[in-house]
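Undergrad: This is my_file-v9.cif, which holds mmCIF, C-alpha atoms and all ligand atoms:
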```
data_run
#
loop_
_atom_site.label_atom_id
_atom_site.label_comp_id
_atom_site.auth_asym_id
_atom_site.auth_seq_id
_atom_site.Cartn_x
_atom_site.Cartn_y
_atom_site.Cartn_z
CA MET Y 19 -24.86 1.87 -15.14
CA ASN Y 20 -24.19 -1.31 -17.09
CA LEU Y 21 -20.85 -1.82 -18.82
CA LEU Y 22 -19.35 -3.87 -21.58
CA ILE Y 23 -15.56 -3.92 -21.39
CA LYS Y 24 -14.62 -5.16 -24.81
CA GLY Y 25 -11.61 -6.89 -26.29
CA GLY Y 26 -9.11 -6.49 -23.45
CA ARG Y 27 -6.59 -9.00 -22.19
CA VAL Y 28 -8.45 -10.25 -19.13
CA ILE Y 29 -6.11 -11.50 -16.42
CA ASP Y 30 -7.92 -13.05 -13.47
CA PRO Y 31 -5.71 -15.39 -11.44
CA SER Y 32 -8.71 -16.36 -9.27
CA GLN Y 33 -10.11 -18.25 -12.28
CA GLY Y 34 -6.84 -18.97 -14.09
CA ILE Y 35 -7.93 -16.67 -16.92
CA ASP Y 36 -5.49 -14.89 -19.25
CA ASP Y 37 -7.19 -14.35 -22.59
CA THR Y 38 -8.70 -11.73 -24.87
CA LEU Y 39 -12.26 -11.49 -23.61
CA ASP Y 40 -15.22 -9.23 -22.96
CA VAL Y 41 -16.58 -8.45 -19.51
CA VAL Y 42 -20.22 -7.61 -18.90
CA VAL Y 43 -21.12 -5.65 -15.76
CA GLU Y 44 -24.71 -5.33 -14.63
CA ASN Y 45 -26.14 -3.80 -11.46
CA GLY Y 46 -22.71 -3.37 -9.93
CA LEU Y 47 -21.69 -7.00 -10.40
CA VAL Y 48 -19.68 -8.94 -12.94
CA LYS Y 49 -22.32 -10.76 -14.96
CA GLU Y 50 -20.30 -12.65 -17.50
CA ILE Y 51 -16.87 -13.02 -19.06
CA GLY Y 52 -16.53 -14.47 -22.54
CA LYS Y 53 -15.85 -13.96 -26.21
CA GLY Y 54 -18.04 -11.88 -28.51
CA LEU Y 55 -20.45 -10.75 -25.80
CA ALA Y 56 -23.12 -8.29 -26.85
CA THR Y 57 -23.99 -5.10 -25.09
CA SER Y 58 -27.28 -4.95 -23.27
CA ALA Y 59 -29.57 -2.02 -23.93
CA GLY Y 60 -28.23 1.15 -22.36
CA ALA Y 61 -24.84 -0.29 -21.47
CA GLU Y 62 -21.73 1.79 -21.88
CA THR Y 63 -18.98 0.15 -23.93
CA ILE Y 64 -15.33 0.51 -22.97
CA ASP Y 65 -12.91 -0.41 -25.75
CA ALA Y 66 -10.13 -2.26 -23.96
CA THR Y 67 -8.21 -3.28 -27.09
CA GLY Y 68 -4.51 -3.45 -26.26
CA LYS Y 69 -5.22 -3.07 -22.55
CA TYR Y 70 -5.25 -5.33 -19.52
CA VAL Y 71 -8.49 -5.91 -17.63
CA VAL Y 72 -7.86 -7.12 -14.09
CA PRO Y 73 -9.64 -7.44 -10.74
CA GLY Y 74 -9.54 -4.00 -9.13
CA LEU Y 75 -6.17 -3.28 -7.53
CA ILE Y 76 -6.02 -3.23 -3.74
CA ASP Y 77 -3.53 -1.23 -1.71
CA MET Y 78 -3.46 -2.66 1.79
CA HIS Y 79 -1.24 0.05 3.26
CA VAL Y 80 -2.29 3.67 2.81
CA HIS Y 81 -2.26 6.71 5.09
CA LEU Y 82 -5.35 8.79 4.30
CA ARG Y 83 -4.59 11.24 7.18
CA ASP Y 84 -8.30 11.67 7.88
CA PRO Y 85 -9.42 12.50 10.56
CA GLY Y 86 -7.11 15.12 12.00
CA LEU Y 87 -4.38 15.63 9.44
CA GLU Y 88 -6.46 16.70 6.45
CA TYR Y 89 -3.94 19.34 5.45
CA LYS Y 90 -1.84 16.41 4.15
CA GLU Y 91 -4.64 14.31 2.63
CA ASP Y 92 -8.26 13.43 3.28
CA ILE Y 93 -10.60 10.63 2.35
CA ILE Y 94 -11.76 12.45 -0.79
CA SER Y 95 -8.32 13.43 -2.14
CA GLY Y 96 -6.75 10.15 -1.07
CA THR Y 97 -9.37 7.99 -2.77
CA ARG Y 98 -9.19 10.25 -5.85
CA ALA Y 99 -5.45 9.53 -5.99
CA ALA Y 100 -6.18 5.83 -5.44
CA VAL Y 101 -8.53 5.46 -8.40
CA ALA Y 102 -6.16 7.51 -10.59
CA GLY Y 103 -3.54 4.92 -9.70
CA GLY Y 104 -5.88 2.07 -10.60
CA PHE Y 105 -6.86 1.10 -7.04
CA THR Y 106 -10.45 0.18 -6.27
CA SER Y 107 -9.83 -0.53 -2.58
CA VAL Y 108 -7.44 0.84 0.00
CA CYS Y 109 -6.82 -0.09 3.62
CA CYS Y 110 -6.11 2.99 5.69
CA MET Y 111 -3.69 2.94 8.58
CA PRO Y 112 -4.83 4.03 12.06
CA ASN Y 113 -2.23 6.71 12.90
CA THR Y 114 -4.76 9.48 12.38
CA LYS Y 115 -5.68 12.11 14.98
CA PRO Y 116 -7.33 10.64 16.93
CA ALA Y 117 -6.13 7.15 16.08
CA ILE Y 118 -8.53 4.50 14.80
CA ASP Y 119 -8.82 2.76 18.16
CA ASN Y 120 -12.59 2.89 18.61
CA LYS Y 121 -15.87 2.42 16.79
CA ALA Y 122 -16.61 6.14 16.36
CA ILE Y 123 -13.47 6.81 14.29
CA ALA Y 124 -13.81 3.63 12.23
CA SER Y 125 -17.45 4.48 11.50
CA TYR Y 126 -16.57 8.06 10.57
CA ILE Y 127 -14.07 6.80 7.98
CA ILE Y 128 -16.38 4.19 6.51
CA ASN Y 129 -19.28 6.64 6.32
CA LYS Y 130 -17.27 9.44 4.73
CA ALA Y 131 -15.69 7.03 2.24
CA THR Y 132 -19.10 5.66 1.33
CA THR Y 133 -20.70 9.05 0.77
CA ASP Y 134 -17.79 11.11 -0.61
CA GLY Y 135 -14.98 8.71 -1.53
CA PHE Y 136 -14.10 7.32 -4.95
CA CYS Y 137 -13.15 3.78 -3.90
CA ASN Y 138 -13.66 1.27 -1.10
CA VAL Y 139 -11.91 2.17 2.13
CA PHE Y 140 -11.23 -0.56 4.67
CA PRO Y 141 -9.91 0.87 7.93
CA VAL Y 142 -7.16 -0.77 9.94
CA GLY Y 143 -7.61 -0.31 13.68
CA THR Y 144 -4.86 0.03 16.26
CA ILE Y 145 -3.30 -2.80 18.24
CA THR Y 146 -2.96 -0.66 21.38
CA GLN Y 147 -5.12 2.14 22.74
CA GLY Y 148 -4.03 5.43 21.22
CA MET Y 149 -1.07 3.54 19.69
CA ALA Y 150 0.61 4.19 23.03
CA GLY Y 151 1.87 0.63 23.34
CA ASP Y 152 0.48 0.09 26.85
CA ARG Y 153 -2.93 -1.59 26.64
CA LEU Y 154 -4.66 -3.53 23.89
CA ALA Y 155 -7.35 -1.71 21.93
CA GLU Y 156 -10.87 -3.15 21.85
CA MET Y 157 -10.18 -5.36 18.86
CA GLY Y 158 -13.60 -6.97 18.95
CA GLU Y 159 -15.29 -3.59 18.70
CA LEU Y 160 -12.89 -2.54 15.93
CA LYS Y 161 -13.66 -5.66 13.95
CA GLU Y 162 -17.42 -5.22 14.40
CA SER Y 163 -17.18 -1.64 13.21
CA GLY Y 164 -15.51 -2.70 9.95
CA CYS Y 165 -11.77 -2.75 10.61
CA VAL Y 166 -10.09 -5.46 8.55
CA ALA Y 167 -6.82 -5.66 10.50
CA VAL Y 168 -5.03 -4.10 13.45
CA SER Y 169 -1.67 -2.35 13.43
CA ASP Y 170 0.24 0.31 15.34
CA ASP Y 171 1.87 1.18 11.99
CA GLY Y 172 4.39 3.94 12.33
CA LYS Y 173 5.58 2.38 15.57
CA PRO Y 174 6.46 -1.12 16.67
CA VAL Y 175 4.73 -2.68 19.69
CA LYS Y 176 7.81 -2.64 21.88
CA ASN Y 177 6.50 -4.88 24.65
CA SER Y 178 6.83 -8.51 23.51
CA GLU Y 179 4.34 -9.79 26.08
CA LEU Y 180 1.75 -7.29 24.85
CA MET Y 181 2.42 -8.33 21.26
CA ARG Y 182 2.03 -11.96 22.22
CA ARG Y 183 -1.37 -11.22 23.74
CA ALA Y 184 -2.34 -9.11 20.73
CA LEU Y 185 -1.56 -12.01 18.40
CA GLN Y 186 -3.49 -14.48 20.56
CA TYR Y 187 -6.52 -12.25 20.92
CA ALA Y 188 -6.58 -11.19 17.26
CA ALA Y 189 -6.31 -14.81 16.11
CA GLY Y 190 -9.20 -15.69 18.42
CA ILE Y 191 -11.53 -13.18 16.82
CA GLY Y 192 -10.15 -13.63 13.30
CA ILE Y 193 -8.48 -10.31 12.58
CA MET Y 194 -5.00 -9.93 11.08
CA VAL Y 195 -2.18 -8.21 12.97
CA ILE Y 196 0.04 -6.08 10.74
CA SER Y 197 3.44 -5.37 12.24
CA HIS Y 198 5.59 -2.31 11.76
CA ALA Y 199 8.80 -4.21 12.51
CA GLU Y 200 11.46 -1.96 13.91
CA GLU Y 201 13.74 -2.21 16.97
CA LEU Y 202 13.80 1.38 18.23
CA GLU Y 203 16.99 1.16 20.30
CA LEU Y 204 18.88 0.25 17.13
CA VAL Y 205 17.16 3.03 15.20
CA GLY Y 206 18.33 5.60 17.74
CA GLU Y 207 18.51 8.98 16.07
CA GLY Y 208 19.11 7.51 12.63
CA VAL Y 209 17.49 9.20 9.64
CA MET Y 210 18.54 6.96 6.74
CA ASN Y 211 19.98 3.53 6.04
CA GLU Y 212 23.31 2.96 7.79
CA GLY Y 213 26.02 2.37 5.25
CA PHE Y 214 28.47 3.92 2.85
CA THR Y 215 26.03 6.64 1.75
CA SER Y 216 25.07 7.72 5.27
CA THR Y 217 28.76 7.99 6.15
CA GLU Y 218 29.47 10.06 3.05
CA LEU Y 219 26.54 12.34 3.72
CA GLY Y 220 27.32 12.64 7.41
CA LEU Y 221 23.82 11.50 8.37
CA LYS Y 222 23.06 9.17 11.28
CA GLY Y 223 22.27 5.68 10.06
CA ILE Y 224 19.63 3.09 10.88
CA PRO Y 225 21.14 -0.39 10.59
CA ARG Y 226 19.17 -2.95 8.62
CA VAL Y 227 19.35 -5.29 11.58
CA ALA Y 228 16.86 -2.98 13.36
CA GLU Y 229 14.24 -4.35 10.96
CA ASP Y 230 15.59 -7.90 10.84
CA ILE Y 231 15.45 -8.36 14.63
CA ALA Y 232 11.91 -7.04 14.86
CA THR Y 233 10.79 -9.26 11.97
CA ALA Y 234 12.34 -12.25 13.71
CA ARG Y 235 10.60 -11.43 17.00
CA GLU Y 236 7.20 -11.15 15.34
CA ILE Y 237 7.70 -14.48 13.61
CA MET Y 238 8.83 -16.20 16.80
CA LEU Y 239 5.83 -14.86 18.70
CA ALA Y 240 3.42 -15.83 15.92
CA GLU Y 241 4.96 -19.27 15.74
CA TYR Y 242 4.81 -19.70 19.52
CA VAL Y 243 1.12 -18.84 19.79
CA GLY Y 244 0.17 -20.38 16.43
CA ALA Y 245 -1.31 -17.14 15.10
CA PRO Y 246 -0.97 -15.38 11.76
CA ILE Y 247 1.15 -12.23 11.38
CA HIS Y 248 1.65 -9.86 8.47
CA ILE Y 249 4.88 -7.89 8.22
CA ALA Y 250 4.45 -4.44 6.66
CA HIS Y 251 6.84 -2.76 4.21
CA VAL Y 252 9.68 -5.30 4.12
CA SER Y 253 12.86 -3.53 3.03
CA THR Y 254 15.89 -5.65 3.97
CA LYS Y 255 17.49 -8.80 2.64
CA GLY Y 256 17.60 -10.09 6.21
CA SER Y 257 13.83 -9.79 6.64
CA VAL Y 258 13.23 -11.52 3.32
CA ARG Y 259 15.46 -14.43 4.37
CA ILE Y 260 13.87 -14.73 7.81
CA ILE Y 261 10.33 -14.69 6.35
CA ARG Y 262 11.27 -17.22 3.66
CA GLU Y 263 12.66 -19.62 6.27
CA ALA Y 264 9.63 -19.16 8.51
CA LYS Y 265 7.21 -19.85 5.66
CA ALA Y 266 9.16 -22.98 4.76
CA ARG Y 267 8.60 -24.41 8.23
CA GLY Y 268 4.92 -23.54 8.22
CA VAL Y 269 4.71 -20.32 10.22
CA ARG Y 270 1.63 -18.33 9.22
CA VAL Y 271 3.59 -15.24 8.19
CA THR Y 272 2.79 -13.05 5.21
CA CYS Y 273 4.31 -9.78 4.12
CA GLU Y 274 4.27 -6.87 1.75
CA THR Y 275 6.85 -4.59 0.21
CA ALA Y 276 6.46 -1.24 -1.53
CA PRO Y 277 7.58 -0.12 -5.01
CA HIS Y 278 10.31 2.14 -3.61
CA TYR Y 279 12.01 -0.86 -2.00
CA PHE Y 280 12.39 -2.68 -5.31
CA THR Y 281 13.12 0.45 -7.34
CA LEU Y 282 15.38 2.77 -5.34
CA THR Y 283 18.46 2.51 -3.12
CA ASP Y 284 19.77 4.92 -0.51
CA ASP Y 285 21.65 6.63 -3.36
CA ALA Y 286 18.39 8.52 -3.87
CA VAL Y 287 19.09 10.35 -0.60
CA ARG Y 288 22.15 12.08 -2.14
CA GLY Y 289 21.62 15.80 -2.32
CA TYR Y 290 19.77 15.41 0.99
CA ASN Y 291 16.60 14.66 -0.93
CA THR Y 292 13.84 14.59 1.68
CA ASN Y 293 11.52 12.90 -0.82
CA ALA Y 294 13.79 9.88 -0.41
CA LYS Y 295 13.31 9.86 3.37
CA MET Y 296 10.93 7.19 4.59
CA ASN Y 297 10.54 4.55 7.24
CA PRO Y 298 11.85 1.92 6.67
CA SER Y 299 14.70 3.71 4.91
CA LEU Y 300 15.71 3.05 1.34
CA ARG Y 301 18.34 0.32 1.54
CA GLU Y 302 21.16 -0.93 -0.70
CA ALA Y 303 21.50 -2.76 -4.00
CA ASP Y 304 21.69 -6.21 -2.36
CA ASP Y 305 18.48 -5.48 -0.46
CA VAL Y 306 16.73 -4.45 -3.67
CA ALA Y 307 17.91 -7.70 -5.28
CA ALA Y 308 16.63 -9.70 -2.29
CA ILE Y 309 13.24 -7.95 -2.38
CA LYS Y 310 12.92 -8.79 -6.07
CA GLN Y 311 13.87 -12.40 -5.42
CA GLY Y 312 11.32 -12.51 -2.58
CA LEU Y 313 8.63 -11.22 -4.91
CA LYS Y 314 9.59 -13.78 -7.52
CA ASP Y 315 9.70 -16.83 -5.25
CA GLY Y 316 6.52 -15.91 -3.37
CA THR Y 317 8.13 -14.97 -0.06
CA ILE Y 318 6.60 -11.51 -0.50
CA ASP Y 319 2.84 -11.83 -0.90
CA CYS Y 320 1.73 -8.29 -1.62
CA ILE Y 321 2.79 -4.99 -3.12
CA ALA Y 322 1.42 -2.08 -1.09
CA THR Y 323 2.39 1.57 -1.38
CA ASP Y 324 2.70 2.88 2.19
CA HIS Y 325 1.26 6.07 0.63
CA ALA Y 326 2.35 8.67 3.20
CA PRO Y 327 1.41 12.20 2.18
CA HIS Y 328 3.13 15.14 3.86
CA HIS Y 329 2.76 18.88 3.42
CA ILE Y 330 5.59 20.70 1.59
CA ASP Y 331 6.49 22.47 4.84
CA GLU Y 332 7.19 19.08 6.43
CA LYS Y 333 9.53 18.07 3.60
CA ASP Y 334 11.12 21.37 2.55
CA VAL Y 335 13.34 21.39 5.64
CA GLU Y 336 16.70 19.98 6.70
CA PHE Y 337 16.99 16.24 6.11
CA ASN Y 338 17.19 15.45 9.82
CA GLU Y 339 13.96 17.36 10.47
CA ALA Y 340 11.92 16.13 7.50
CA MET Y 341 9.04 13.75 8.04
CA ASN Y 342 9.21 10.16 6.83
CA GLY Y 343 7.23 8.98 3.87
CA ILE Y 344 6.27 9.45 0.23
CA VAL Y 345 3.07 9.45 -1.79
CA GLY Y 346 2.75 6.24 -3.76
CA LEU Y 347 -0.78 5.56 -4.96
CA GLU Y 348 -0.29 7.05 -8.40
CA THR Y 349 3.14 5.63 -9.22
CA SER Y 350 2.77 2.09 -7.89
CA LEU Y 351 1.22 0.55 -10.99
CA PRO Y 352 3.86 1.66 -13.55
CA LEU Y 353 6.72 0.87 -11.16
CA SER Y 354 5.26 -2.58 -10.48
CA LEU Y 355 4.63 -3.26 -14.18
CA LYS Y 356 8.40 -2.96 -14.62
CA LEU Y 357 8.73 -6.25 -12.70
CA VAL Y 358 6.77 -7.88 -15.53
CA ASP Y 359 8.89 -6.16 -18.21
CA GLU Y 360 12.00 -7.45 -16.47
CA GLY Y 361 10.62 -10.99 -16.56
CA LEU Y 362 10.63 -11.20 -12.77
CA LEU Y 363 6.87 -11.72 -12.44
CA THR Y 364 4.16 -12.83 -14.83
CA LEU Y 365 1.23 -10.48 -15.20
CA ALA Y 366 -0.91 -12.97 -13.29
CA GLN Y 367 1.59 -12.97 -10.42
CA LEU Y 368 1.55 -9.18 -10.36
CA VAL Y 369 -2.24 -9.15 -10.21
CA GLU Y 370 -2.09 -11.65 -7.34
CA LYS Y 371 0.22 -9.38 -5.36
CA MET Y 372 -1.77 -6.22 -6.12
CA SER Y 373 -5.30 -7.62 -5.81
CA CYS Y 374 -5.98 -11.28 -5.03
CA ASN Y 375 -3.54 -11.74 -2.14
CA PRO Y 376 -4.39 -8.62 -0.13
CA SER Y 377 -8.09 -9.43 -0.56
CA GLU Y 378 -7.62 -12.97 0.66
CA LEU Y 379 -5.33 -12.05 3.56
CA LEU Y 380 -7.76 -9.51 4.93
CA GLY Y 381 -11.01 -11.15 3.85
CA LEU Y 382 -12.10 -8.24 1.67
CA GLY Y 383 -14.16 -10.36 -0.73
CA ARG Y 384 -12.58 -8.70 -3.76
CA GLY Y 385 -9.73 -9.69 -6.11
CA SER Y 386 -11.83 -11.67 -8.58
CA LEU Y 387 -13.84 -11.22 -11.76
CA LYS Y 388 -15.93 -14.36 -11.21
CA ALA Y 389 -19.57 -14.02 -12.23
CA GLY Y 390 -21.46 -12.51 -9.31
CA SER Y 391 -18.42 -10.67 -7.88
CA VAL Y 392 -18.59 -6.98 -7.03
CA ALA Y 393 -17.52 -5.21 -10.24
CA ASP Y 394 -14.27 -3.66 -9.03
CA ILE Y 395 -12.19 -3.64 -12.21
CA THR Y 396 -9.01 -1.91 -13.36
CA VAL Y 397 -8.35 -1.41 -17.06
CA ILE Y 398 -4.63 -0.84 -17.53
CA ASP Y 399 -2.94 0.81 -20.49
CA PRO Y 400 0.54 -0.76 -20.31
CA ALA Y 401 1.96 1.56 -22.98
CA LYS Y 402 0.72 4.89 -21.64
CA GLN Y 403 3.61 7.29 -21.14
CA TRP Y 404 3.24 10.07 -18.64
CA THR Y 405 5.39 12.35 -16.53
CA VAL Y 406 5.01 12.65 -12.79
CA THR Y 407 4.42 16.30 -11.94
CA GLU Y 408 2.93 18.08 -8.97
CA SER Y 409 -0.06 19.09 -11.06
CA VAL Y 410 -0.72 15.62 -12.43
CA LEU Y 411 -0.83 14.02 -8.96
CA ALA Y 412 -4.36 13.95 -7.52
CA SER Y 413 -3.05 13.57 -3.98
CA LYS Y 414 -3.04 16.76 -1.86
CA SER Y 415 0.64 16.14 -1.15
CA LYS Y 416 3.37 15.98 -3.74
CA ASN Y 417 6.20 14.29 -1.82
CA SER Y 418 7.25 11.84 -4.50
CA PRO Y 419 10.84 10.90 -5.34
CA TRP Y 420 9.69 10.46 -8.93
CA LEU Y 421 8.71 14.07 -9.65
CA GLY Y 422 9.92 14.74 -13.19
CA ALA Y 423 10.26 11.05 -14.06
CA THR Y 424 8.53 9.48 -17.04
CA MET Y 425 6.41 6.44 -16.27
CA THR Y 426 5.15 3.75 -18.64
CA GLY Y 427 1.77 2.29 -17.78
CA ALA Y 428 -1.29 3.73 -16.12
CA ALA Y 429 -4.89 3.04 -15.25
CA ALA Y 430 -7.02 3.74 -18.31
CA CYS Y 431 -10.29 3.15 -16.48
CA THR Y 432 -11.11 2.33 -12.88
CA VAL Y 433 -14.47 0.77 -12.07
CA VAL Y 434 -15.72 0.52 -8.48
CA GLY Y 435 -18.93 -1.38 -7.79
CA GLY Y 436 -19.83 -1.18 -11.49
CA LYS Y 437 -19.34 2.60 -11.71
CA ILE Y 438 -16.61 4.28 -13.71
CA VAL Y 439 -14.78 6.44 -11.16
CA PHE Y 440 -11.73 7.28 -13.29
CA SER Y 441 -11.26 7.22 -17.03
CA GLY Y 442 -7.66 8.06 -17.69
CA ARG Y 443 -5.68 11.27 -17.75
ZN ZN Y 501 5.04 1.35 9.01
#
```
What would the structure in this file look like if it were written as structure tokens?
Ligand SMILES: [Zn+2]
TA:
Amino acid sequence: MNLLIKGGRVIDPSQGIDDTLDVVVENGLVKEIGKGLATSAGAETIDATGKYVVPGLIDMHVHLRDPGLEYKEDIISGTRAAVAGGFTSVCCMPNTKPAIDNKAIASYIINKATTDGFCNVFPVGTITQGMAGDRLAEMGELKESGCVAVSDDGKPVKNSELMRRALQYAAGIGIMVISHAEELELVGEGVMNEGFTSTELGLKGIPRVAEDIATAREIMLAEYVGAPIHIAHVSTKGSVRIIREAKARGVRVTCETAPHYFTLTDDAVRGYNTNAKMNPSLREADDVAAIKQGLKDGTIDCIATDHAPHHIDEKDVEFNEAMNGIVGLETSLPLSLKLVDEGLLTLAQLVEKMSCNPSELLGLGRGSLKAGSVADITVIDPAKQWTVTESVLASKSKNSPWLGATMTGAAACTVVGGKIVFSGR
């Protein structure tokens, strides 16, 4: 299928482009970007007037739950949700059953995504075997089988010596370590952010310093061994400050946050709302302000969703018992576009954080509309109004704190490898 995407506002930070242009796609690749381009014979034309045309969005932190937990999500439903949210690539976290700690599981995911999925899936392997925190996984084998990073996401690597060796080894073979930064002794039996709201609700709190300390340890280890580190789902003002200071002195640290951390506070937990229970917890207004500042000044490199689908039976229980996490693939784009409306980010900066930066960090070879690039393209309708409902969400799971909310902005068309895989709701 050849495509002509006509008259959209093309924003491609990789080429410094922000202009009303046409994009020609041939044989799965971007052929040309320019003004007044003609359609080749047999090409399909997409009218992008009034829309944004950007390098396909990349979500570097997704739980597809496949293999082993397909009652929550699988590669087909998860990638369907991804393209509905405007994502052309996702990186899937290794806490599946079994975990992605060997070639067989990584190959299973890549093969199933290639044959049945709607978008690119780049698996993340584990740091330790079975995510048990005892012995390093075969990172070389994981990299060879297509894993783009390693992480024990969901758990921290408690043993600092093991983490040091993981960073050294990963740097040696050129694979990124993604840290779930959390100090478990401080977490204790906490179920939400420790503060005024947890006291009022009578719920056990998790102090923010549990994240700050773990972030600081990762940075000190990375600095000591001279290796890169990526901090997942940053949620506290302390972490933002520590990462900013580390970057300023040249530590190779990068990080991501998720839309819920710049949109919601722990007030959302009131009413014991289990769809506001996640890990890290929703924090407080000063944390939200710090996350926004970190996005603005470049401390925070990427916006990822931490899409964490759970079955209704795992959420429709007492708050203490409910599982952590929310679905995020389909609400990330409108929530992130708000940062542009608020004047916090330019559109180009948003595209960097949702496409160019994750591609560059993990070496995905995406995030650009340069001639010859793989034609992964998201056409965004910034004015589209829609309501988040269980039926509208393509994900198998419906655990969103935004059910019933009206969103502004959505993917109008998602193109993966030159093929239209989603064309609006
Ligand atoms: Zn995590």
Undergrad: Please identify all protein, DNA and RNA residues within 6 Å of ligand ZN 501 (chain Y), counting all atoms listed in the file, and report them as a PDB file with C-alpha atoms, in the coordinates of the input.
TA:
```
ATOM      1  CA  ASP Y 171       1.870   1.180  11.990  1.00  0.00           C
ATOM      2  CA  GLY Y 172       4.390   3.940  12.330  1.00  0.00           C
ATOM      3  CA  HIS Y 198       5.590  -2.310  11.760  1.00  0.00           C
TER       4      HIS Y 198
END
```
Undergrad: Find the residues near region 175-177 of chain Y: any atom within 9 Å, counting all atoms listed in the file, skip ones fewer than 3 places away on the same chain, and give them as a ChimeraX atom specification.
TA: /Y:145-146,149-152,169-170,180-182,197-202
Undergrad: Padding of 5 Å on every side, edges along x, y and z, all listed atoms of region 106-113 of chain Y included: what centre and edge lengths in Å, to one decimal, does that box have, as JSON?
TA:
```
{"center_x": -6.3, "center_y": 3.1, "center_z": 3.3, "size_x": 18.2, "size_y": 17.2, "size_z": 29.2}
```
Undergrad: Let me make sure I understand: among Y:Leu282, Y:Asp315, Y:Asn138, Y:Ala240, which one has the smallest atom-to-atom distance to Tyr187 (chain Y) if we use only C-alpha atoms?
TA: Y:Ala240
Undergrad: Contacts of Ser386 (chain Y) at 10 Å or less, counting all atoms listed in the file, minus same-chain residues fewer than 3 places along, as a PDB file with C-alpha atoms, keeping the file's coordinate frame?
TA:
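What ended up in part26.pdb:
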```
ATOM      1  CA  ILE Y  29      -6.110 -11.500 -16.420  1.00  0.00           C
ATOM      2  CA  ASP Y  30      -7.920 -13.050 -13.470  1.00  0.00           C
ATOM      3  CA  PRO Y  31      -5.710 -15.390 -11.440  1.00  0.00           C
ATOM      4  CA  SER Y  32      -8.710 -16.360  -9.270  1.00  0.00           C
ATOM      5  CA  GLN Y  33     -10.110 -18.250 -12.280  1.00  0.00           C
ATOM      6  CA  VAL Y  48     -19.680  -8.940 -12.940  1.00  0.00           C
ATOM      7  CA  VAL Y  72      -7.860  -7.120 -14.090  1.00  0.00           C
ATOM      8  CA  PRO Y  73      -9.640  -7.440 -10.740  1.00  0.00           C
ATOM      9  CA  GLY Y  74      -9.540  -4.000  -9.130  1.00  0.00           C
ATOM     10  CA  GLU Y 370      -2.090 -11.650  -7.340  1.00  0.00           C
ATOM     11  CA  SER Y 373      -5.300  -7.620  -5.810  1.00  0.00           C
ATOM     12  CA  CYS Y 374      -5.980 -11.280  -5.030  1.00  0.00           C
ATOM     13  CA  SER Y 377      -8.090  -9.430  -0.560  1.00  0.00           C
ATOM     14  CA  GLY Y 383     -14.160 -10.360  -0.730  1.00  0.00           C
ATOM     15  CA  ALA Y 389     -19.570 -14.020 -12.230  1.00  0.00           C
ATOM     16  CA  GLY Y 390     -21.460 -12.510  -9.310  1.00  0.00           C
ATOM     17  CA  SER Y 391     -18.420 -10.670  -7.880  1.00  0.00           C
ATOM     18  CA  VAL Y 392     -18.590  -6.980  -7.030  1.00  0.00           C
ATOM     19  CA  ALA Y 393     -17.520  -5.210 -10.240  1.00  0.00           C
ATOM     20  CA  ASP Y 394     -14.270  -3.660  -9.030  1.00  0.00           C
ATOM     21  CA  ILE Y 395     -12.190  -3.640 -12.210  1.00  0.00           C
TER      22      ILE Y 395
END
```
Undergrad: When you count only C-alpha atoms, which of these residues is closest to Ser418 (chain Y): Y:Asn211, Y:Thr283, Y:Gln311, Y:Asn293?
TA: Y:Asn293
Undergrad: In Å to one decimal, how far is CA of Thr254 (chain Y) from CA of Ile118 (chain Y)?
TA: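 Rounded to one decimal, the two atoms are 28.6 Å apart.
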Undergrad: Would you pick out the contacts of region 348-360 of chain Y at 10 Å or less, using only C-alpha atoms, so that residues sharing its chain but fewer than 2 positions from it are not included, and give the list as JSON, numbers by chain?
TA: {"Y": [75, 77, 98, 99, 100, 101, 102, 103, 104, 105, 276, 277, 278, 280, 281, 310, 313, 314, 321, 322, 323, 325, 345, 346, 362, 363, 364, 365, 366, 367, 368, 369, 371, 372, 398, 399, 400, 401, 402, 403, 404, 406, 410, 411, 412, 413, 418, 420, 424, 425, 426, 427, 428, 429]}
Undergrad: Please compute the CA of Ile438 (chain Y)-CA of Thr405 (chain Y) distance, one decimal, in Å.
TA: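 The value is 23.6 Å.
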Undergrad: So, counting only C-alpha atoms, which residue among Y:Arg384, Y:Lys295, Y:Arg267, Y:His248 is closest to Glu336 (chain Y)?
TA: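 Answer, going by the shortest atom-to-atom distance: Y:Lys295.
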